[in-house]
Amino acid sequence: MRVGLAGAGRIGAFHAETLHALDAVDEVVVTDVDGAAARRVAESQGLGLAPDVETMLASGIDAFVITTGTLGHAPLLRQGVAAGVPTFCEKPVAATLAETIELADLVATSDVPVHVGFQRRFDVGYLRAREAVRSGELGFIHTVRANTHDQSPPHAGYIPTSGGIFRDCNIHDFDILRFVLGVEVKSVYATGGNKGEAYFAEAGDVDTGAAVLTLEDDTMVLVSSTRYNGAGHDVRLEVLGEKGAIGVGLDDSLALRSAEPGVDFPRGPQKWSFMERFLPAYRAELTEFIRLAAGAVPSPCTVADALQAFRTAEACELSRAERRPVALTEIKNAP
Ligand SMILES: NC(=O)c1ccc[n+]([C@@H]2O[C@H](COP(=O)([O-])OP(=O)(O)OC[C@H]3O[C@@H](n4cnc5c(N)ncnc54)[C@H](O)[C@@H]3O)[C@@H](O)[C@H]2O)c1
């Protein structure tokens with residue numbers, strides 16, 4: 001199989017390497033609006049190089065992977081679908097709600113398979129938590145805590161087009177909550193603050209966010225995010241139920257130190273980045289995408305799924321801006 005990848009930045013270079021190592025993939029071809037970035041990745045990994053997306057799509061690829069900055073996702077997804085090529089798109093599918101709705105509609109009425117990159121759906125810990133919830137092992141669930149704490153911020157240029165911390169970071173938590181619990185969000189109350197670099201505030205964003213979500217079945221969810229977790233990359237989910245509780249990301253790499261004397265948990269070493277934290281999940285995710293492109297499986301994460309996660313992020317941004325609780329019914333889900 002010949003795979004084309006657009007966007008040779010942080011995650012693009014990483015996904016290209018993973019794809020290149022898969023048995024079912026014969027060739028990976030990369031492109032980037034920054035030709036030097038594409039060349040660097042192609043030369044260092046022994047990949048093919050295309051001057052632009054149009055040439056790449058016209059050259060006969062079997063699968064298309066979009067890893068550009070967020071603003072590139074929607075136009076390239078439209079191009080992939082128009083060319084009839086099975087497409088993987090990194091999250092979020094688009095920068096705005098209106099475009100995400102339009103793309104969900106487009107993909108629902110097309111027969112081109114599309115897979116959105118929420119890799120936590122392939123992480124063994126989240127899968128185990130899902131099983132514990134769905135089997136009834138935990139009894140009814142009353143409280144969930146979800147966090148996405150990056151060890152250090154991305155480059156300054158990334159922030160103005162990222163969509164803000166809830167659409168960029170916590171969108172992973174919003175997707176995995178639906179995946180693990182199988183319940184939709186009813187309302188949110190969100191806020192945030194800035195203590196780090198000035199470029200967050202200058203972009204209207206925050207470097208640290210917090211939200212309280214109420215789910216349709218009255219489960220309480222506490223969500224947090226930060227770009228400044230110096231102790232390490234810390235992504236966790238705690239599901240607390242009537243009969244038991246389970247924690248994802250609770251192992252010796254936990255980026256936290258106990259204040260209790262004589263306790264040597266966690267023993268470390270901690271993880272520093274999302275690449276380290278989710279390496280097996282990214283590999284499983286891209287393996288599944290290649291199976292999707294071969295027609296062997298349905299999409300494990302559709303644009304309709306991505307729209308639901310985006311609506312929660314949108315509600316959080318509105319709540320933060322207007323300093324009030326926001327019901328999900330206030331956020332559109334159709335054109
Ligand atoms: N799933 C995850 O865990 C995860 C992790 C990191 C980033 N992401 C997502 O991946 C995307 C990229 O993030 P990143 O950190 O790699 O960003 P980045 O800024 O490091 O890289 C983006 C690259 O895309 C290129 N580009 C922009 N527009 C393009 C276009 N129209 N055609 C071709 N190339 C184009 C840029 O030149 C750049 O090289 C973001 O949308 C982000 O939300 C997902």
# chains A, B, ... in the order shown; residues from 1 in each chain; ligands from 1
>>> residues_around(residues="Leu237 (chain A)", least_positions_apart="3", cutoff="9 Å", atoms="only C-alpha atoms", output="list in words")
Tyr126, Ala129, Val144, Arg145, Ala146, Asn147, Asp173, Leu177, Ile246, Gly247, Val248, Gly249 and Leu250 of chain A
>>> closest_atom_pairs(of="chain A", to="ligand 1", cutoff="7 Å", atoms="only C-alpha atoms and all ligand atoms", output="CSV")
residue,atom,partner,partner_atom_place_in_ligand_line,distance
A:Ala6,CA,ligand 1,33 (C),4.9
A:Gly7,CA,ligand 1,24 (O),3.6
A:Ala8,CA,ligand 1,39 (O),4.7
A:Gly9,CA,ligand 1,21 (O),3.2
A:Arg10,CA,ligand 1,16 (O),3.7
A:Ile11,CA,ligand 1,16 (O),3.9
A:Gly12,CA,ligand 1,16 (O),5.4
A:Thr31,CA,ligand 1,33 (C),6.0
A:Asp32,CA,ligand 1,34 (N),3.6
A:Val33,CA,ligand 1,34 (N),4.4
A:Asp34,CA,ligand 1,37 (O),4.6
A:Ala37,CA,ligand 1,39 (O),5.9
A:Val53,CA,ligand 1,32 (N),6.8
A:Thr67,CA,ligand 1,11 (C),4.9
A:Thr68,CA,ligand 1,24 (O),3.3
A:Gly69,CA,ligand 1,12 (C),4.2
A:Thr70,CA,ligand 1,41 (O),3.6
A:Leu71,CA,ligand 1,28 (N),6.8
A:Gly72,CA,ligand 1,31 (N),4.4
A:Leu76,CA,ligand 1,31 (N),7.0
A:Glu90,CA,ligand 1,10 (O),5.2
A:Lys91,CA,ligand 1,43 (O),5.3
A:Pro92,CA,ligand 1,43 (O),5.9
A:Gly117,CA,ligand 1,1 (N),5.4
A:Phe118,CA,ligand 1,1 (N),5.7
A:Gln119,CA,ligand 1,1 (N),6.0
A:Tyr158,CA,ligand 1,19 (O),5.6
A:Ser162,CA,ligand 1,43 (O),6.5
A:Asp168,CA,ligand 1,43 (O),5.6
A:Phe274,CA,ligand 1,3 (O),6.1
>>> closest_atom_pairs(of="region 65-161 of chain A", to="region 183-198 of chain A", cutoff="12 Å", atoms="only C-alpha atoms", output="JSON lines")
{"residue": "A:Arg130", "atom": "CA", "partner": "A:Val183", "partner_atom": "CA", "distance": 11.8}
{"residue": "A:Val133", "atom": "CA", "partner": "A:Val183", "partner_atom": "CA", "distance": 11.2}
{"residue": "A:Arg134", "atom": "CA", "partner": "A:Val183", "partner_atom": "CA", "distance": 11.0}
{"residue": "A:Ile141", "atom": "CA", "partner": "A:Val183", "partner_atom": "CA", "distance": 10.9}
{"residue": "A:Ser152", "atom": "CA", "partner": "A:Gly196", "partner_atom": "CA", "distance": 10.2}
{"residue": "A:Pro153", "atom": "CA", "partner": "A:Glu197", "partner_atom": "CA", "distance": 9.0}
{"residue": "A:Pro154", "atom": "CA", "partner": "A:Glu197", "partner_atom": "CA", "distance": 11.0}
{"residue": "A:His155", "atom": "CA", "partner": "A:Glu197", "partner_atom": "CA", "distance": 10.7}
{"residue": "A:Ala156", "atom": "CA", "partner": "A:Glu197", "partner_atom": "CA", "distance": 8.8}
{"residue": "A:Ile159", "atom": "CA", "partner": "A:Glu197", "partner_atom": "CA", "distance": 11.1}
>>> residues_around(residues="region 255-267 of chain A", least_positions_apart="6", cutoff="10 Å", atoms="only C-alpha atoms", output="PDB file with C-alpha atoms, in the first residue's frame")
ATOM      1  CA  HIS A 149      -1.100  17.861  31.383  1.00  0.00           C
ATOM      2  CA  GLN A 151       5.210  18.764  30.271  1.00  0.00           C
ATOM      3  CA  ASN A 229       3.498  20.212  33.996  1.00  0.00           C
ATOM      4  CA  GLY A 230       7.221  20.248  34.748  1.00  0.00           C
ATOM      5  CA  ALA A 231       7.049  16.838  36.491  1.00  0.00           C
ATOM      6  CA  GLY A 232       6.289  15.153  33.151  1.00  0.00           C
ATOM      7  CA  HIS A 233       3.546  14.385  30.640  1.00  0.00           C
ATOM      8  CA  ASP A 234       0.551  13.356  32.754  1.00  0.00           C
ATOM      9  CA  VAL A 235      -2.574  12.022  31.051  1.00  0.00           C
ATOM     10  CA  GLY A 249      -2.194   6.284  33.535  1.00  0.00           C
TER      11      GLY A 249
END
>>> closest_residue(among="A:Met56, A:Ala24, A:Leu103, A:Val114", to="Leu292 (chain A)", atoms="only C-alpha atoms")
A:Val114
>>> residues_around(residues="Ser44 (chain A)", least_positions_apart="5", cutoff="10 Å", atoms="only C-alpha atoms", output="list in words")
Ala13, Glu17 and Arg39 of chain A
>>> write_last_selection(atoms="N, CA and C atoms", output="mmCIF file, in the first residue's frame")
data_model
loop_
_atom_site.group_PDB
_atom_site.id
_atom_site.type_symbol
_atom_site.label_atom_id
_atom_site.label_comp_id
_atom_site.auth_asym_id
_atom_site.auth_seq_id
_atom_site.Cartn_x
_atom_site.Cartn_y
_atom_site.Cartn_z
ATOM 1 N N ALA A 13 6.045 13.795 11.391
ATOM 2 C CA ALA A 13 7.305 13.044 11.294
ATOM 3 C C ALA A 13 7.182 11.734 12.075
ATOM 4 N N GLU A 17 7.074 7.777 10.472
ATOM 5 C CA GLU A 17 7.981 6.705 10.902
ATOM 6 C C GLU A 17 7.189 5.441 11.265
ATOM 7 N N ARG A 39 11.366 17.675 3.088
ATOM 8 C CA ARG A 39 12.630 17.066 2.622
ATOM 9 C C ARG A 39 13.391 16.458 3.797
#
>>> atom_distance(atom1="CA of Ile101 (chain A)", atom2="CA of Glu54 (chain A)")
24.6 Å
>>> closest_residue(among="A:Glu102, A:Asp26, A:Asp305, A:Glu285", to="Ile61 (chain A)", atoms="only C-alpha atoms")
A:Asp26
>>> decode(residues="region 33-64 of chain A", atoms="N, CA, C and O atoms", output="CSV table (one decimal), in the first residue's frame")
chain,number,residue,atom,x,y,z
A,33,VAL,N,3.8,22.3,3.1
A,33,VAL,CA,3.9,23.6,2.5
A,33,VAL,C,5.3,24.2,2.7
A,33,VAL,O,5.8,25.0,2.0
A,34,ASP,N,6.0,23.8,3.8
A,34,ASP,CA,7.4,24.1,4.1
A,34,ASP,C,8.2,22.9,3.4
A,34,ASP,O,8.4,21.9,4.0
A,35,GLY,N,8.7,23.2,2.2
A,35,GLY,CA,9.4,22.1,1.5
A,35,GLY,C,10.6,21.6,2.2
A,35,GLY,O,10.9,20.4,2.1
A,36,ALA,N,11.2,22.4,2.9
A,36,ALA,CA,12.4,22.0,3.7
A,36,ALA,C,12.1,21.0,4.7
A,36,ALA,O,12.8,20.0,5.0
A,37,ALA,N,10.9,21.2,5.4
A,37,ALA,CA,10.5,20.3,6.5
A,37,ALA,C,10.2,18.9,5.9
A,37,ALA,O,10.6,17.9,6.4
A,38,ALA,N,9.5,18.9,4.7
A,38,ALA,CA,9.1,17.7,4.1
A,38,ALA,C,10.4,16.9,3.7
A,38,ALA,O,10.6,15.7,3.9
A,39,ARG,N,11.4,17.7,3.1
A,39,ARG,CA,12.6,17.1,2.6
A,39,ARG,C,13.4,16.5,3.8
A,39,ARG,O,13.9,15.3,3.7
A,40,ARG,N,13.4,17.2,4.9
A,40,ARG,CA,14.2,16.7,6.1
A,40,ARG,C,13.6,15.4,6.5
A,40,ARG,O,14.3,14.4,6.8
A,41,VAL,N,12.3,15.3,6.6
A,41,VAL,CA,11.6,14.0,7.1
A,41,VAL,C,11.8,12.9,6.1
A,41,VAL,O,12.2,11.8,6.4
A,42,ALA,N,11.6,13.3,4.8
A,42,ALA,CA,11.8,12.2,3.7
A,42,ALA,C,13.2,11.7,3.7
A,42,ALA,O,13.4,10.5,3.7
A,43,GLU,N,14.2,12.6,3.8
A,43,GLU,CA,15.6,12.1,3.7
A,43,GLU,C,16.0,11.4,4.9
A,43,GLU,O,16.6,10.3,4.8
A,44,SER,N,15.6,11.8,6.1
A,44,SER,CA,16.0,11.2,7.3
A,44,SER,C,15.4,9.8,7.5
A,44,SER,O,15.9,8.9,8.1
A,45,GLN,N,14.2,9.6,6.9
A,45,GLN,CA,13.5,8.3,7.1
A,45,GLN,C,13.4,7.4,5.8
A,45,GLN,O,12.8,6.4,5.9
A,46,GLY,N,14.0,7.9,4.8
A,46,GLY,CA,14.0,7.2,3.5
A,46,GLY,C,12.6,7.1,2.9
A,46,GLY,O,12.2,6.0,2.4
A,47,LEU,N,11.9,8.2,2.9
A,47,LEU,CA,10.5,8.2,2.3
A,47,LEU,C,10.5,8.9,1.0
A,47,LEU,O,11.4,9.6,0.6
A,48,GLY,N,9.3,8.8,0.3
A,48,GLY,CA,9.1,9.5,-1.0
A,48,GLY,C,8.8,11.0,-0.6
A,48,GLY,O,8.4,11.3,0.5
A,49,LEU,N,8.9,11.8,-1.6
A,49,LEU,CA,8.6,13.3,-1.5
A,49,LEU,C,7.7,13.7,-2.6
A,49,LEU,O,7.9,13.4,-3.7
A,50,ALA,N,6.7,14.5,-2.2
A,50,ALA,CA,5.8,15.1,-3.3
A,50,ALA,C,5.8,16.6,-3.1
A,50,ALA,O,5.9,17.1,-2.0
A,51,PRO,N,5.8,17.4,-4.2
A,51,PRO,CA,5.8,18.8,-4.1
A,51,PRO,C,4.6,19.5,-3.4
A,51,PRO,O,4.7,20.5,-2.8
A,52,ASP,N,3.4,18.8,-3.6
A,52,ASP,CA,2.2,19.4,-3.0
A,52,ASP,C,1.2,18.3,-2.9
A,52,ASP,O,1.3,17.2,-3.4
A,53,VAL,N,0.1,18.6,-2.2
A,53,VAL,CA,-1.0,17.6,-2.0
A,53,VAL,C,-1.6,17.2,-3.3
A,53,VAL,O,-1.9,16.0,-3.5
A,54,GLU,N,-1.9,18.1,-4.2
A,54,GLU,CA,-2.5,17.8,-5.5
A,54,GLU,C,-1.7,16.7,-6.2
A,54,GLU,O,-2.3,15.7,-6.7
A,55,THR,N,-0.4,17.0,-6.3
A,55,THR,CA,0.5,16.0,-7.0
A,55,THR,C,0.4,14.6,-6.3
A,55,THR,O,0.4,13.6,-7.0
A,56,MET,N,0.5,14.7,-5.0
A,56,MET,CA,0.5,13.5,-4.2
A,56,MET,C,-0.8,12.7,-4.5
A,56,MET,O,-0.8,11.5,-4.8
A,57,LEU,N,-2.0,13.3,-4.4
A,57,LEU,CA,-3.3,12.6,-4.6
A,57,LEU,C,-3.4,12.1,-6.1
A,57,LEU,O,-3.9,11.0,-6.3
A,58,ALA,N,-2.8,12.9,-7.0
A,58,ALA,CA,-2.9,12.5,-8.4
A,58,ALA,C,-1.9,11.3,-8.7
A,58,ALA,O,-2.1,10.7,-9.8
A,59,SER,N,-1.0,11.1,-7.8
A,59,SER,CA,0.0,10.1,-8.1
A,59,SER,C,-0.4,8.7,-7.8
A,59,SER,O,0.3,7.7,-7.9
A,60,GLY,N,-1.7,8.6,-7.3
A,60,GLY,CA,-2.2,7.2,-7.0
A,60,GLY,C,-1.8,6.7,-5.7
A,60,GLY,O,-1.1,5.7,-5.6
A,61,ILE,N,-2.3,7.4,-4.6
A,61,ILE,CA,-2.0,6.8,-3.2
A,61,ILE,C,-3.3,6.0,-2.8
A,61,ILE,O,-4.4,6.3,-3.2
A,62,ASP,N,-3.0,5.0,-1.9
A,62,ASP,CA,-4.1,4.2,-1.4
A,62,ASP,C,-4.7,4.7,-0.1
A,62,ASP,O,-5.8,4.3,0.3
A,63,ALA,N,-4.0,5.6,0.5
A,63,ALA,CA,-4.4,6.1,1.8
A,63,ALA,C,-3.8,7.5,2.0
A,63,ALA,O,-2.6,7.7,1.6
A,64,PHE,N,-4.5,8.4,2.7
A,64,PHE,CA,-4.0,9.7,2.9
A,64,PHE,C,-4.1,10.1,4.4
A,64,PHE,O,-5.1,9.8,5.0
